[in-house]
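Containing compact mmCIF, C-alpha atoms and all ligand atoms: structure_12.txt.
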# COMPACT_ATOMS: atom_id res chain seq x y z
CA MET A 199 113.53 115.56 104.11
CA THR A 200 116.05 116.93 101.58
CA HIS A 201 115.01 119.94 99.54
CA ARG A 202 115.89 120.82 95.98
CA GLU A 203 116.73 124.43 95.16
CA THR A 204 114.37 124.93 92.21
CA PRO A 205 111.04 123.12 92.43
CA LEU A 206 110.04 120.58 89.76
CA SER A 207 107.83 121.54 86.83
CA PRO A 208 105.28 119.07 85.45
CA ASP A 209 106.51 116.64 82.74
CA SER A 210 104.43 115.81 79.70
CA ALA A 211 103.13 112.26 79.95
CA ASP A 212 104.56 110.89 76.69
CA ASP A 213 106.00 107.36 76.43
CA GLY A 214 109.52 108.52 77.31
CA ALA A 215 108.36 110.35 80.43
CA ILE A 216 106.27 107.39 81.55
CA ALA A 217 109.27 105.06 81.11
CA ARG A 218 111.43 107.43 83.20
CA ALA A 219 108.72 107.72 85.86
CA ALA A 220 108.39 103.93 86.04
CA GLU A 221 112.16 103.61 86.43
CA ALA A 222 112.14 106.20 89.24
CA LEU A 223 109.35 104.26 90.99
CA ARG A 224 111.32 100.99 90.69
CA GLN A 225 114.24 102.82 92.34
CA GLY A 226 112.05 103.72 95.30
CA LYS A 227 111.35 107.33 94.34
CA LEU A 228 107.99 109.13 94.22
CA VAL A 229 106.03 110.29 91.17
CA GLY A 230 103.10 112.71 90.90
CA MET A 231 100.43 110.64 89.12
CA PRO A 232 97.28 112.01 87.48
CA THR A 233 94.07 110.10 88.12
CA GLU A 234 90.49 110.87 87.14
CA THR A 235 89.71 111.98 90.73
CA VAL A 236 92.72 113.92 92.08
CA TYR A 237 96.51 113.76 91.60
CA GLY A 238 98.25 111.06 93.63
CA LEU A 239 101.75 110.86 95.13
CA ALA A 240 102.80 107.40 93.98
CA ALA A 241 105.35 104.90 95.27
CA ASP A 242 105.92 101.19 94.66
CA ALA A 243 103.49 99.57 97.12
CA MET A 244 105.77 96.55 97.51
CA ASN A 245 108.78 98.66 98.60
CA PRO A 246 108.47 99.76 102.28
CA GLN A 247 111.22 102.38 102.00
CA ALA A 248 109.54 104.01 99.03
CA VAL A 249 106.21 104.03 100.89
CA ALA A 250 107.91 105.62 103.90
CA ARG A 251 108.96 108.51 101.63
CA ILE A 252 105.28 109.24 100.92
CA PHE A 253 104.55 109.68 104.63
CA GLN A 254 107.65 111.86 104.98
CA ALA A 255 106.87 114.08 101.97
CA LYS A 256 103.22 114.57 102.97
CA GLN A 257 103.92 114.79 106.70
CA ARG A 258 101.18 112.24 107.01
CA PRO A 259 100.75 110.37 110.31
CA ALA A 260 101.62 106.67 110.01
CA PHE A 261 98.18 105.62 111.32
CA ASP A 262 96.51 106.78 108.10
CA PRO A 263 96.70 103.98 105.47
CA LEU A 264 97.18 104.46 101.72
CA ILE A 265 95.21 103.35 98.65
CA VAL A 266 96.95 100.83 96.38
CA HIS A 267 96.40 101.47 92.66
CA ILE A 268 96.27 98.49 90.32
CA ALA A 269 95.64 98.07 86.61
CA SER A 270 94.83 94.39 86.12
CA GLN A 271 92.96 91.49 87.67
CA THR A 272 96.31 89.82 88.43
CA MET A 273 97.37 92.84 90.48
CA VAL A 274 94.13 92.65 92.52
CA GLN A 275 95.13 89.12 93.54
CA GLN A 276 98.68 90.29 94.21
CA VAL A 277 97.46 92.68 96.95
CA ALA A 278 94.13 91.25 98.18
CA SER A 279 93.71 87.76 99.58
CA GLN A 280 89.96 87.65 99.03
CA VAL A 281 87.20 89.57 97.22
CA PRO A 282 83.72 89.05 98.77
CA PRO A 283 80.87 88.53 96.25
CA LEU A 284 79.32 91.99 96.74
CA ALA A 285 82.76 93.63 96.39
CA GLN A 286 83.25 91.63 93.18
CA ARG A 287 79.97 92.94 91.77
CA LEU A 288 80.92 96.52 92.67
CA ALA A 289 84.33 96.07 91.04
CA GLU A 290 82.75 94.70 87.87
CA ALA A 291 80.37 97.64 87.71
CA PHE A 292 82.73 100.49 88.60
CA TRP A 293 86.34 99.50 87.81
CA PRO A 294 88.27 101.14 86.32
CA GLY A 295 86.88 104.18 88.10
CA PRO A 296 86.52 106.18 91.32
CA LEU A 297 85.71 103.21 93.59
CA THR A 298 88.16 102.08 96.31
CA LEU A 299 87.47 98.68 97.84
CA VAL A 300 88.87 97.80 101.28
CA LEU A 301 89.77 94.09 101.06
CA PRO A 302 91.64 91.53 103.21
CA LYS A 303 95.33 92.06 102.37
CA GLN A 304 98.09 89.79 101.12
CA SER A 305 101.10 89.62 103.44
CA THR A 306 103.39 90.87 100.63
CA VAL A 307 101.87 94.38 100.82
CA ALA A 308 104.08 96.54 103.04
CA ASP A 309 102.52 97.01 106.50
CA LEU A 310 103.27 100.71 106.29
CA VAL A 311 100.82 100.95 103.34
CA THR A 312 97.96 99.67 105.47
CA SER A 313 99.15 101.18 108.77
CA GLY A 314 99.29 97.67 110.16
CA LEU A 315 95.64 96.90 109.32
CA PRO A 316 94.73 93.43 108.03
CA THR A 317 92.95 95.12 105.09
CA VAL A 318 94.17 97.00 102.03
CA ALA A 319 92.36 99.72 100.07
CA VAL A 320 92.46 98.91 96.34
CA ARG A 321 91.54 101.06 93.35
CA TRP A 322 91.78 100.60 89.57
CA PRO A 323 91.98 104.19 88.26
CA ASN A 324 90.37 105.16 84.97
CA HIS A 325 93.02 107.68 83.89
CA PRO A 326 95.10 106.44 80.90
CA VAL A 327 98.33 107.94 82.29
CA ALA A 328 97.83 106.23 85.67
CA GLN A 329 97.12 102.93 83.93
CA ARG A 330 100.19 103.22 81.68
CA LEU A 331 102.37 104.14 84.66
CA ILE A 332 101.19 101.15 86.74
CA GLU A 333 101.70 98.82 83.77
CA ALA A 334 105.15 100.23 82.97
CA THR A 335 106.26 99.94 86.63
CA ASP A 336 104.77 96.45 86.70
CA SER A 337 103.88 96.87 90.36
CA PRO A 338 100.87 98.14 92.34
CA LEU A 339 101.34 101.79 93.33
CA ALA A 340 100.47 103.18 96.75
CA ALA A 341 99.25 106.75 96.33
CA PRO A 342 97.51 109.21 98.62
CA SER A 343 96.34 112.55 97.25
CA ALA A 344 99.46 114.59 96.45
CA ASN A 345 98.98 117.39 98.98
CA ARG A 346 100.44 118.07 102.40
CA PHE A 347 98.51 116.23 105.11
CA GLY A 348 95.17 117.87 105.91
CA GLY A 349 95.36 120.27 102.96
CA ILE A 350 93.37 120.64 99.74
CA SER A 351 93.67 117.77 97.23
CA PRO A 352 95.44 118.67 93.94
CA THR A 353 93.42 118.56 90.71
CA ARG A 354 96.12 119.97 88.38
CA PRO A 355 99.80 119.05 87.98
CA GLU A 356 100.94 122.52 89.03
CA HIS A 357 99.11 122.10 92.38
CA VAL A 358 101.48 119.18 93.03
CA THR A 359 104.67 120.95 91.94
CA ALA A 360 103.73 124.05 93.97
CA GLU A 361 103.14 122.04 97.13
CA LEU A 362 105.67 119.20 96.91
CA GLY A 363 108.01 120.26 94.07
CA HIS A 364 110.84 121.07 96.51
CA CYS A 365 110.83 117.56 97.87
CA GLU A 366 113.95 115.63 96.78
CA SER A 367 112.27 112.20 96.85
CA LEU A 368 109.70 113.36 94.27
CA ALA A 369 111.31 112.45 90.92
CA MET A 370 108.68 113.86 88.56
CA VAL A 371 105.08 114.96 88.19
CA LEU A 372 103.30 113.63 85.11
CA ASP A 373 100.94 116.09 83.46
CA GLY A 374 97.63 114.35 82.80
CA GLY A 375 95.66 117.59 82.53
CA PRO A 376 92.98 118.75 84.98
CA CYS A 377 91.24 115.87 86.79
CA GLU A 378 87.90 114.86 85.31
CA HIS A 379 86.04 114.32 88.62
CA GLY A 380 87.90 116.59 91.04
CA VAL A 381 86.73 114.79 94.19
CA GLU A 382 88.43 111.66 95.61
CA SER A 383 87.22 108.11 95.11
CA THR A 384 84.42 106.58 97.17
CA VAL A 385 85.87 104.13 99.74
CA VAL A 386 83.77 101.02 100.45
CA ARG A 387 84.36 98.05 102.75
CA VAL A 388 82.28 94.92 102.29
CA VAL A 389 81.72 92.71 105.36
CA ASP A 390 79.12 89.93 105.40
CA GLU A 391 77.62 91.23 102.16
CA GLN A 392 77.02 94.67 103.66
CA ALA A 393 78.76 97.59 101.92
CA TYR A 394 80.00 100.20 104.40
CA ILE A 395 80.71 103.57 102.79
CA LEU A 396 83.83 104.80 104.59
CA ARG A 397 84.25 107.90 102.44
CA LEU A 398 81.74 109.24 99.95
CA GLY A 399 83.47 110.51 96.81
CA SER A 400 83.10 110.79 93.04
CA LEU A 401 81.13 107.56 92.82
CA THR A 402 77.73 108.70 94.08
CA LEU A 403 75.34 106.91 96.40
CA GLU A 404 72.79 106.94 93.58
CA ARG A 405 75.18 104.96 91.35
CA LEU A 406 76.18 102.53 94.13
CA GLU A 407 72.49 101.81 94.67
CA THR A 408 72.19 100.55 91.10
CA VAL A 409 74.39 97.59 92.12
CA ALA A 410 74.01 97.16 95.90
CA GLY A 411 70.49 97.15 97.32
CA ARG A 412 69.54 99.95 99.70
CA ASP A 413 69.47 97.43 102.57
CA GLN A 414 73.04 96.37 101.69
CA LEU A 415 74.47 99.90 101.88
CA VAL A 416 75.53 101.42 105.20
CA THR A 417 75.99 105.14 104.63
CA GLU A 418 76.26 106.56 108.14
CA LEU A 419 78.68 104.72 110.38
CA ASN A 420 77.42 104.49 113.93
CA PRO A 421 80.34 104.95 116.36
CA THR A 422 78.55 102.98 119.10
CA ASN A 423 77.99 99.95 116.88
CA GLU A 424 80.84 97.39 117.32
CA GLN A 425 80.70 96.27 113.66
CA ASP A 426 80.84 99.88 112.37
CA LYS A 427 83.72 100.67 114.72
CA THR A 428 85.85 97.88 113.31
CA VAL A 429 85.25 98.84 109.68
CA ALA A 430 85.68 102.60 110.13
CA SER A 431 88.38 104.41 108.17
CA PRO A 432 91.32 105.81 110.16
CA GLY A 433 91.82 108.66 107.69
CA MET A 434 88.44 110.31 108.09
CA LEU A 435 89.59 113.12 110.32
CA SER A 436 87.07 115.80 111.05
CA ARG A 437 89.47 118.55 109.90
CA HIS A 438 90.74 117.85 106.41
CA TYR A 439 90.83 119.32 102.89
CA ALA A 440 91.39 122.62 104.65
CA PRO A 441 92.51 125.97 103.22
CA ARG A 442 94.75 128.10 105.46
CA THR A 443 92.13 130.87 105.53
CA PRO A 444 89.27 130.19 108.00
CA LEU A 445 86.26 128.79 106.14
CA HIS A 446 82.62 128.85 107.28
CA LEU A 447 79.87 126.74 105.79
CA CYS A 448 76.52 128.47 105.07
CA HIS A 449 73.07 126.97 104.43
CA ASN A 450 72.31 129.24 101.47
CA LEU A 451 73.29 132.52 99.79
CA GLN A 452 71.20 134.64 102.16
CA HIS A 453 72.93 133.04 105.14
CA ALA A 454 76.30 133.87 103.52
CA ILE A 455 75.26 137.51 102.99
CA ASP A 456 74.11 137.75 106.62
CA LEU A 457 77.36 136.23 107.88
CA ALA A 458 79.49 138.48 105.64
CA THR A 459 78.63 141.50 107.77
CA THR A 460 79.97 139.79 110.91
CA VAL A 461 83.25 138.23 109.70
CA THR A 462 86.74 139.71 109.13
CA GLN A 463 86.87 141.39 105.73
CA PRO A 464 87.82 141.05 102.95
CA ALA A 465 85.75 137.89 102.55
CA GLY A 466 85.58 135.40 99.68
CA LEU A 467 82.55 133.38 98.63
CA LEU A 468 82.35 129.86 97.22
CA ALA A 469 78.89 129.36 95.73
CA PHE A 470 76.95 127.30 93.20
CA ALA A 471 74.51 128.38 90.51
CA ILE A 472 74.11 132.06 91.43
CA SER A 473 71.02 132.54 89.33
CA ASN A 474 70.08 136.18 88.96
CA THR A 475 71.87 139.45 88.45
CA ALA A 476 70.24 141.09 91.49
CA THR A 477 71.80 138.45 93.76
CA ALA A 478 75.13 138.78 91.95
CA GLN A 479 75.11 142.57 92.52
CA SER A 480 74.34 142.20 96.21
CA LEU A 481 77.09 139.58 96.56
CA ALA A 482 79.61 141.93 94.96
CA GLN A 483 78.92 144.42 97.79
CA HIS A 484 79.72 141.87 100.46
CA PHE A 485 82.49 139.78 98.94
CA ALA A 486 85.87 140.73 97.49
CA VAL A 487 86.02 137.48 95.50
CA VAL A 488 83.12 135.31 94.34
CA GLN A 489 83.70 131.84 92.88
CA ASP A 490 80.63 130.23 91.32
CA LEU A 491 81.38 126.51 90.93
CA SER A 492 78.82 126.15 88.15
CA PRO A 493 76.68 129.09 87.02
CA GLY A 494 74.51 126.61 85.08
CA GLY A 495 73.92 124.41 88.15
CA ASP A 496 75.88 121.36 86.96
CA LEU A 497 77.18 119.27 89.90
CA VAL A 498 79.74 117.45 87.71
CA GLU A 499 81.28 120.77 86.65
CA ALA A 500 81.17 121.97 90.26
CA ALA A 501 82.98 118.90 91.61
CA ALA A 502 85.68 119.12 88.93
CA GLY A 503 86.42 122.72 89.93
CA LEU A 504 85.88 122.56 93.72
CA PHE A 505 89.45 122.13 94.99
CA ALA A 506 90.96 124.52 92.43
CA ALA A 507 88.41 127.17 93.48
CA MET A 508 89.29 126.60 97.15
CA ARG A 509 92.97 127.04 96.28
CA ARG A 510 92.28 130.27 94.37
CA LEU A 511 90.30 131.71 97.28
CA ASP A 512 93.03 130.63 99.70
CA ALA A 513 95.65 132.40 97.53
CA SER A 514 93.60 135.63 97.40
CA ASP A 515 93.83 138.42 99.98
CA CYS A 516 90.63 137.28 101.69
CA LYS A 517 90.77 136.92 105.47
CA THR A 518 87.61 134.82 105.66
CA LEU A 519 86.02 132.34 103.28
CA LEU A 520 82.31 131.53 103.20
CA ALA A 521 81.09 128.46 101.32
CA VAL A 522 77.46 127.74 100.51
CA ARG A 523 76.27 124.13 100.90
CA LEU A 524 75.54 122.34 97.66
CA PRO A 525 72.31 120.43 96.96
CA ASP A 526 72.37 117.24 99.05
CA ARG A 527 72.22 114.79 96.13
CA ASP A 528 74.60 113.08 93.71
CA LEU A 529 78.08 114.66 93.81
CA GLY A 530 76.74 117.44 96.05
CA ARG A 531 76.84 115.04 99.00
CA ALA A 532 80.58 114.32 98.66
CA MET A 533 81.30 118.03 98.13
CA ASN A 534 79.34 118.96 101.27
CA ASP A 535 81.35 116.36 103.19
CA ARG A 536 84.62 117.98 102.02
CA LEU A 537 83.38 121.53 102.78
CA GLN A 538 82.21 120.43 106.24
CA ARG A 539 85.68 119.04 107.02
CA ALA A 540 87.37 122.13 105.57
CA ALA A 541 85.20 124.26 107.87
CA ASN A 542 85.89 122.35 111.09
O1 LIG B 601 90.67 109.34 94.58
C1 LIG B 601 91.42 108.90 95.45
O2 LIG B 601 91.06 108.02 96.24
C2 LIG B 601 92.84 109.48 95.52
C3 LIG B 601 93.58 109.11 94.24
C4 LIG B 601 95.02 109.52 94.27
O3 LIG B 601 93.44 107.74 94.01
N1 LIG B 601 93.52 109.02 96.68
C5 LIG B 601 93.21 109.43 97.95
O4 LIG B 601 94.02 108.89 98.93
O5 LIG B 601 92.29 110.18 98.18
P1 LIG B 601 94.05 109.45 100.42
O6 LIG B 601 95.24 108.82 101.05
O7 LIG B 601 94.00 110.92 100.43
O8 LIG B 601 92.76 108.82 101.09
C6 LIG B 601 92.69 107.43 101.36
C7 LIG B 601 91.54 107.13 102.28
C8 LIG B 601 91.83 107.60 103.69
O9 LIG B 601 90.63 108.11 104.23
C9 LIG B 601 92.26 106.30 104.38
O10 LIG B 601 92.06 106.31 105.76
C10 LIG B 601 91.38 105.29 103.67
O11 LIG B 601 91.36 105.71 102.33
N2 LIG B 601 91.94 103.93 103.76
C11 LIG B 601 93.08 103.48 103.19
N3 LIG B 601 93.30 102.20 103.53
C12 LIG B 601 92.29 101.81 104.33
C13 LIG B 601 91.95 100.60 105.01
N4 LIG B 601 92.72 99.53 104.94
N5 LIG B 601 90.82 100.59 105.76
C14 LIG B 601 90.04 101.69 105.83
N6 LIG B 601 90.30 102.85 105.23
C15 LIG B 601 91.41 102.93 104.48
MG MG B 602 93.87 112.92 100.86

Represent the structure of the file as structure tokens.
Ligand code: TXA
Ligand code: MG
Amino acid sequence: MTHRETPLSPDSADDGAIARAAEALRQGKLVGMPTETVYGLAADAMNPQAVARIFQAKQRPAFDPLIVHIASQTMVQQVASQVPPLAQRLAEAFWPGPLTLVLPKQSTVADLVTSGLPTVAVRWPNHPVAQRLIEATDSPLAAPSANRFGGISPTRPEHVTAELGHCESLAMVLDGGPCEHGVESTVVRVVDEQAYILRLGSLTLERLETVAGRDQLVTELNPTNEQDKTVASPGMLSRHYAPRTPLHLCHNLQHAIDLATTVTQPAGLLAFAISNTATAQSLAQHFAVVQDLSPGGDLVEAAAGLFAAMRRLDASDCKTLLAVRLPDRDLGRAMNDRLQRAAN
């Protein structure tokens, strides 16, 4: 990969910048694209060479397929050969938004996008800049999260420029502000009117259940079940979303305080809704840095700030990071999944 001397800075996402970004994409270059979940590293999904540059820039293994971003019904048909009825109902309910549907693919989609799988992951993002970029390029855009493979997903444009801004194939990073959700999309595969959740994300189980019946939703894939094995997602590695500093997951604040006395100091804490001053004072004795994801106990606020908080802790002098599990409901479930993988 060729390097540029001075890294890129984010570009404002005005009409001129979007036109330039679309032109760069048509020429096979990469663009940092804001979405409502996390920032993506976009390439023209119909151009295999451009898609190859994504894998090169991210140092992503070729067995891990990419999500294709679309912005119209016509584009869905351009990439997917079929949409099962339950998938159609989910799309109607949640698109545009943080739902990715794994569908049978059209042969025109580059094999590299899908890592040779007969299916393609499709998402209609809800961010206006992403939508304008896809429309201006007039092609579906393949885009993984714009971080190095296995690292923390970017939720601000400067996360992308800091991590990939030296990469020559990256033409620009569009500034769409901080991401609204902060956790990736929920990936769902429908087979025989059963919805298999391959990755839980910003679209919560509770919301999926308002469209798919509980008996139609498979939340825990069973590795010994043949059907589950064939639908499983190649990208769900056990170690992922990981800071460079070792991270341990704790059941609650008391567990974190107990562990703090045994780990390499200084230690940093990632917590949620630290409620009283007595606890806060005791935490200050044990931790050099404390990040409370939402002092008021709001899971939406916590999710939006999760990855940025992990980056801040990783950039601090802390030698060990302790993270407290979030409540196991709504967005807390997807955040616990990410923290678990970061800890492995
Ligand atoms: O919110 C998001 O989904 C963000 C933004 C940029 O849209 N994108 C994102 O992409 O998180 P990435 O590459 O980090 O994660 C894509 C996930 C991986 O777990 C991958 O294995 C899975 O989707 N995936 C992609 N294509 C698939 C397919 N055909 N079958 C099963 N899983 C697939
Ligand atoms: Mg990713």

Original post:
Which is closest to Leu445 in chain A among A:Val388, A:Val358, A:Ala540, A:Ala269, if we use all atoms listed in the file?
Top reply: A:Ala540

Which residues of range 230-305 of chain A come within 10 Å of range 332-344 of chain A, and for each one, what is the closest pair of atoms and their distance in Å to one decimal, counting all atoms listed in the file, sorted by chain and residue number, as a Markdown table?
| residue | atom | partner | partner_atom | distance |
| --- | --- | --- | --- | --- |
| A:Gly230 | CA | A:Ala344 | CA | 6.9 |
| A:Met231 | CA | A:Ala341 | CA | 8.3 |
| A:Pro232 | CA | A:Ala344 | CA | 9.6 |
| A:Thr233 | CA | A:Ser343 | CA | 9.7 |
| A:Thr235 | CA | A:Ser343 | CA | 9.3 |
| A:Val236 | CA | A:Ser343 | CA | 6.5 |
| A:Tyr237 | CA | A:Ala344 | CA | 5.7 |
| A:Gly238 | CA | A:Ser343 | CA | 4.4 |
| A:Leu239 | CA | A:Ala344 | CA | 4.6 |
| A:Ala240 | CA | A:Ala341 | CA | 4.3 |
| A:Ala241 | CA | A:Ala340 | CA | 5.4 |
| A:Asp242 | CA | A:Leu339 | CA | 4.8 |
| A:Ala243 | CA | A:Ala340 | CA | 4.7 |
| A:Met244 | CA | A:Pro338 | CA | 7.3 |
| A:Asn245 | CA | A:Ala340 | CA | 9.6 |
| A:Ala248 | CA | A:Ala340 | CA | 9.4 |
| A:Val249 | CA | A:Ala340 | CA | 7.1 |
| A:Ile252 | CA | A:Ala341 | CA | 8.0 |
| A:Phe253 | CA | A:Pro342 | CA | 9.3 |
| A:Ala255 | CA | A:Ala344 | CA | 9.3 |
| A:Lys256 | CA | A:Ala344 | CA | 7.5 |
| A:Arg258 | CA | A:Pro342 | CA | 9.6 |
| A:Asp262 | CA | A:Pro342 | CA | 9.8 |
| A:Pro263 | CA | A:Pro342 | CA | 8.7 |
| A:Leu264 | CA | A:Pro342 | CA | 5.7 |
| A:Ile265 | CA | A:Ala340 | CA | 5.6 |
| A:Val266 | CA | A:Ala340 | CA | 4.2 |
| A:His267 | CA | A:Leu339 | CA | 5.0 |
| A:Ile268 | CA | A:Pro338 | CA | 5.0 |
| A:Ala269 | CA | A:Ile332 | CA | 6.3 |
| A:Ser270 | CA | A:Glu333 | CA | 8.5 |
| A:Met273 | CA | A:Pro338 | CA | 6.6 |
| A:Val274 | CA | A:Pro338 | CA | 8.7 |
| A:Gln276 | CA | A:Pro338 | CA | 8.4 |
| A:Val277 | CA | A:Pro338 | CA | 7.9 |

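The spacing separating CA of Gly530 in chain A from CA of Ala360 in chain A amounts to 27.9 Å.
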
Subject >> Cut-off 8 Å, all atoms listed in the file, neighbours of ligand MG 602 (chain B) as a PyMOL selection string >> reply: chain A and resi 342-345+347-351+382+439

Can I get the selected residues back with C-alpha atoms, as a PDB file, in the frame of the given file?
ATOM      1  CA  PRO A 342      97.510 109.210  98.620  1.00  0.00           C
ATOM      2  CA  SER A 343      96.340 112.550  97.250  1.00  0.00           C
ATOM      3  CA  ALA A 344      99.460 114.590  96.450  1.00  0.00           C
ATOM      4  CA  ASN A 345      98.980 117.390  98.980  1.00  0.00           C
ATOM      5  CA  PHE A 347      98.510 116.230 105.110  1.00  0.00           C
ATOM      6  CA  GLY A 348      95.170 117.870 105.910  1.00  0.00           C
ATOM      7  CA  GLY A 349      95.360 120.270 102.960  1.00  0.00           C
ATOM      8  CA  ILE A 350      93.370 120.640  99.740  1.00  0.00           C
ATOM      9  CA  SER A 351      93.670 117.770  97.230  1.00  0.00           C
ATOM     10  CA  GLU A 382      88.430 111.660  95.610  1.00  0.00           C
ATOM     11  CA  TYR A 439      90.830 119.320 102.890  1.00  0.00           C
TER      12      TYR A 439
END

Subject >> Point-to-point distance from CA of Phe505 in chain A to CA of Val229 in chain A, Å rounded to tenths >> reply: 20.7 Å

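Among A:Asp535, A:Glu361, A:Glu203, A:Glu499, the residue with the shortest atom-to-atom distance to Leu398 in chain A, counting only C-alpha atoms, is A:Asp535.
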
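Nearest to Ala328 in chain A of all the residues A:Leu206, A:Gly295, A:Leu415, A:Pro464 is A:Gly295, counting only C-alpha atoms.
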
Original post:
What is the distance, in Å and to one decimal place, between CA of Cys448 in chain A and CA of Val461 in chain A?
Top reply: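 Going from CA of Cys448 in chain A over to CA of Val461 in chain A covers 12.7 Å.
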
What are the centre and the three edge lengths of an axis-aligned box that wraps all atoms of ligand LIG 601 (chain B) in the file, given that 8 Å is added to every side, written as JSON and rounded to one decimal in Å?
{"center_x": 92.6, "center_y": 105.2, "center_z": 99.9, "size_x": 21.2, "size_y": 27.4, "size_z": 27.8}

Original post:
Counting all atoms listed in the file, which of A:Glu366, A:Asp426, A:Glu378, A:Glu407 gets nearest to Leu288 in chain A?
Top reply: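 For Leu288 in chain A, the nearest of the candidates is A:Glu407.
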
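Closest approach to Arg531 in chain A among A:Val409, A:Val498, A:Leu468, A:Val416: A:Val498, based on all atoms listed in the file.
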
Original post:
Quick one: of A:Ser279, A:Gln329, A:Ser431, A:Ser367, who's nearest to ligand LIG 601 (chain B), counting only C-alpha atoms and all ligand atoms?
Top reply: A:Ser431

Range 410-427 of chain A rebuilt with N, CA and C atoms, output as a PDB file, keeping the file's coordinate frame:
ATOM      1  N   ALA A 410      74.288  97.686  94.565  1.00  0.00           N
ATOM      2  CA  ALA A 410      74.010  97.160  95.900  1.00  0.00           C
ATOM      3  C   ALA A 410      72.621  97.635  96.303  1.00  0.00           C
ATOM      4  N   GLY A 411      71.829  96.751  96.871  1.00  0.00           N
ATOM      5  CA  GLY A 411      70.490  97.150  97.320  1.00  0.00           C
ATOM      6  C   GLY A 411      70.601  98.163  98.450  1.00  0.00           C
ATOM      7  N   ARG A 412      69.539  98.952  98.643  1.00  0.00           N
ATOM      8  CA  ARG A 412      69.540  99.950  99.700  1.00  0.00           C
ATOM      9  C   ARG A 412      69.809  99.324 101.073  1.00  0.00           C
ATOM     10  N   ASP A 413      69.281  98.114 101.278  1.00  0.00           N
ATOM     11  CA  ASP A 413      69.470  97.430 102.570  1.00  0.00           C
ATOM     12  C   ASP A 413      70.887  96.857 102.700  1.00  0.00           C
ATOM     13  N   GLN A 414      71.659  96.867 101.617  1.00  0.00           N
ATOM     14  CA  GLN A 414      73.040  96.370 101.690  1.00  0.00           C
ATOM     15  C   GLN A 414      74.036  97.505 101.890  1.00  0.00           C
ATOM     16  N   LEU A 415      73.562  98.745 101.800  1.00  0.00           N
ATOM     17  CA  LEU A 415      74.470  99.900 101.880  1.00  0.00           C
ATOM     18  C   LEU A 415      74.375 100.567 103.246  1.00  0.00           C
ATOM     19  N   VAL A 416      75.505 100.706 103.923  1.00  0.00           N
ATOM     20  CA  VAL A 416      75.530 101.420 105.200  1.00  0.00           C
ATOM     21  C   VAL A 416      76.217 102.756 104.940  1.00  0.00           C
ATOM     22  N   THR A 417      75.442 103.847 105.022  1.00  0.00           N
ATOM     23  CA  THR A 417      75.990 105.140 104.630  1.00  0.00           C
ATOM     24  C   THR A 417      76.496 105.948 105.821  1.00  0.00           C
ATOM     25  N   GLU A 418      75.844 105.789 106.960  1.00  0.00           N
ATOM     26  CA  GLU A 418      76.260 106.560 108.140  1.00  0.00           C
ATOM     27  C   GLU A 418      76.801 105.583 109.149  1.00  0.00           C
ATOM     28  N   LEU A 419      78.124 105.626 109.380  1.00  0.00           N
ATOM     29  CA  LEU A 419      78.680 104.720 110.380  1.00  0.00           C
ATOM     30  C   LEU A 419      78.244 105.177 111.766  1.00  0.00           C
ATOM     31  N   ASN A 420      77.881 104.197 112.583  1.00  0.00           N
ATOM     32  CA  ASN A 420      77.420 104.490 113.930  1.00  0.00           C
ATOM     33  C   ASN A 420      78.554 104.155 114.904  1.00  0.00           C
ATOM     34  N   PRO A 421      79.151 105.186 115.535  1.00  0.00           N
ATOM     35  CA  PRO A 421      80.340 104.950 116.360  1.00  0.00           C
ATOM     36  C   PRO A 421      80.086 104.076 117.590  1.00  0.00           C
ATOM     37  N   THR A 422      78.813 103.828 117.933  1.00  0.00           N
ATOM     38  CA  THR A 422      78.550 102.980 119.100  1.00  0.00           C
ATOM     39  C   THR A 422      78.314 101.525 118.683  1.00  0.00           C
ATOM     40  N   ASN A 423      78.199 101.305 117.378  1.00  0.00           N
ATOM     41  CA  ASN A 423      77.990  99.950 116.880  1.00  0.00           C
ATOM     42  C   ASN A 423      79.353  99.251 116.701  1.00  0.00           C
ATOM     43  N   GLU A 424      79.535  98.086 117.346  1.00  0.00           N
ATOM     44  CA  GLU A 424      80.840  97.390 117.320  1.00  0.00           C
ATOM     45  C   GLU A 424      81.291  97.095 115.892  1.00  0.00           C
ATOM     46  N   GLN A 425      80.371  96.604 115.055  1.00  0.00           N
ATOM     47  CA  GLN A 425      80.700  96.270 113.660  1.00  0.00           C
ATOM     48  C   GLN A 425      81.203  97.519 112.925  1.00  0.00           C
ATOM     49  N   ASP A 426      80.456  98.642 113.051  1.00  0.00           N
ATOM     50  CA  ASP A 426      80.840  99.880 112.370  1.00  0.00           C
ATOM     51  C   ASP A 426      82.202 100.367 112.851  1.00  0.00           C
ATOM     52  N   LYS A 427      82.451 100.197 114.153  1.00  0.00           N
ATOM     53  CA  LYS A 427      83.720 100.670 114.720  1.00  0.00           C
ATOM     54  C   LYS A 427      84.891  99.945 114.092  1.00  0.00           C
TER      55      LYS A 427
END
